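Q: Below is one structure. I have some questions about it.
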Amino acid sequence: MAVGSESVGASAGDVLVVGAGPTGLLLAGDLAASGVRCRVLERRSSELNLTRAFAVHARTLELLDMRGVAGDLVRTGERVSTVRFLGRARLRFGRLPGRFPFVLVTPQYETERVLEERALDGGVRIDRGCELVGLEQDEYGVEARVRGEDGAERTLRAGYLVGTDGARSTVRRLLNLPFPGRSVVRSVMLADVRLQEAPREVLTLGAVGDALAFLAPFGDGWYRVIAWNRWNQVPDGEPVSMDEIRDATRRSLGTDFGMHDPRWTSRFHSDERQVPRYRVGRVFLAGDAAHVHSPAGGQGMNLGLQDAANLGWKLAAELHRWAPPGLLDSYDEERRPVGRAVIVASGVMLRGALLEQRPLRVLRGFLARVATSVGPVERRLAGAVSGIDVAYPAPQGAHRLAGRRAPDVRLAGERGRLFEALRDGRFVLVVSANDPAVTYLATKRWADRVHCAVAGGATRTTVLVRPDGYVAWATDETVPDRRAAAIREALTRWCGAPTEFPQHERRA
């Protein structure tokens, strides 16, 4: 078998992404937008018209808005501001802050479409039918041995490699990383069907202890049904019959809506697993390659996209040689706790839905109704599920905003909104008014990394926003000299050493 060798770019200063799902495509698009050459390897030779994820949550839509593609995606789906679950309990997303106070219901292939178009427009190369079969790394880069559809192997070299290749990740296996955890539910049935009677709500969920059913629309007349029967636990490879799905749906929802003409069926099991670390040298894991969890809450794809948004700008900073020490390590430090929290929360939701004894189910429904009827509790639940309230650790004594989601504030001038100003992949320094000293710092000394913007409303707080839309640093200092010194220190901490200018410019 012929084995060749080629470099991803002119040097090892580039990134290989293994897996062309939503996580890999968003990451590749971010790297390309930051001027990093990126190549995506995908084992599948073509994209099948199948999907598991339907829910795009508010924080994910904000991340897509920062990339200019949220509007396109929103037009493909239906907005759901209230989700009914566990009988009469309802979780309202309409009270969330921002421009997307809803869950967008749209097939995963639509999310992949807008992300792939963005990546390709940025110059990303996607190699389909290309399987990773070997992986080695040294202190200078990573070598990936890949096999094409013709059986020929070749070696690609890059500065870094990111595995976004799903729950059965080849990258994770080649790193010899454990994937500890357990299965929480087995023999879950999937099918795409037609319905004679449309459900009253966009998302339909029912659980009665020994059965569960969930229905969501593709938007083209087809529905995805997910069903489970406690008394029919068979291996994943066993065929799925419509009688099985109808029976579980009738038990859970009281009707099967006249489902018919399945175009696709499958069976799977749901695990709770997480790798012990998201980084091994120059190789990173993101999305399902790093963590898997119960489908309850619809957070799987969203969690992976947020992994990618966190990692992309940090890799770009490292490759452009301005990353401060420890920046790449902060990917694991920030994202692994978030992944763990989702595993725990989604597991609690699933176990609650599958309670077998009727008295416990009645108590479950009562507690859920009470919790979602208390405004602050409901807001916290919606903030957790939507990702809006995700925050990262901040140093002791940091400003109260540090590590939190930055709101999409209005800006003075042509930038319009903060999320629009973030679209070029730089930090944004939001100041309260035009200040020549501050503007010089941001537009001259750190111009390749920072954009300076003036807040559109009255505020005394100066905020440095990371490229992923989280607050890196903030201050309420108003004394000009002190504020300028604090900003200089923050820019050095987060954006590396300033750009040096020729001697005659420094004198000026």
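Within each chain, counting starts at residue 1; across the structure tokens, chains are named A, B, ... in the order shown, with ligands numbered 1 upward in that order.
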Residues of stretch 187-285 of chain A in strand (DSSP E or B) according to DSSP, as a PyMOL selection string?
A: chain A and resi 187-194+204-207+211-217+223-229+260-274+279-280+283-285
Q: Residues at most 8 Å from stretch 404-407 of chain A, counting only C-alpha atoms, excluding those fewer than 4 positions away in the same chain, as a VMD selection string?
A: chain A and resid 98 388 to 392 418 465 469 to 471
Q: Keeping only C-alpha atoms, write the selected residues to a file as a CSV table (one decimal), in the first residue's frame.
A:
```csv
chain,number,residue,atom,x,y,z
A,98,GLY,CA,-31.0,38.7,24.6
A,388,ILE,CA,-27.2,31.6,28.9
A,389,ASP,CA,-26.0,31.3,32.6
A,390,VAL,CA,-22.8,29.4,31.9
A,391,ALA,CA,-19.9,31.2,33.5
A,392,TYR,CA,-16.2,30.5,33.8
A,418,LEU,CA,-21.4,44.0,20.6
A,465,VAL,CA,-14.9,40.9,26.0
A,469,GLY,CA,-18.5,36.5,24.1
A,470,TYR,CA,-17.5,36.1,27.7
A,471,VAL,CA,-16.1,39.0,29.9
```
Q: Env of A:Val185: 10 Å cut, atoms = only C-alpha atoms, seq-sep filter 3 positions within chain, self excluded. Answer as a PyMOL selection string.
A: chain A and resi 182+188+228+230+233+268-272+294+350-351+354
Q: Expressed in Å to a single decimal, how great is the separation between atom CA of A:Val275 and atom CA of A:Pro324?
A: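 Calculated distance between atom CA of A:Val275 and atom CA of A:Pro324 is 25.7 Å.
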Q: Just want the 8 Å neighbourhood of stretch 489-498 of chain A, counted on only C-alpha atoms, with same-chain residues fewer than 4 positions away dropped. Output as a PyMOL selection string.
A: chain A and resi 322-324+445-446+449+472-473+485
Q: Taking the DSSP assignment computed from this structure's backbone, write out as a list in words all residues of stretch 238-273 of chain A that belong to alpha helix (DSSP H).
A: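 Those residues are Met242, Asp243, Glu244, Ile245, Arg246, Asp247, Ala248, Thr249, Arg250, Arg251, Ser252 and Leu253 of chain A.
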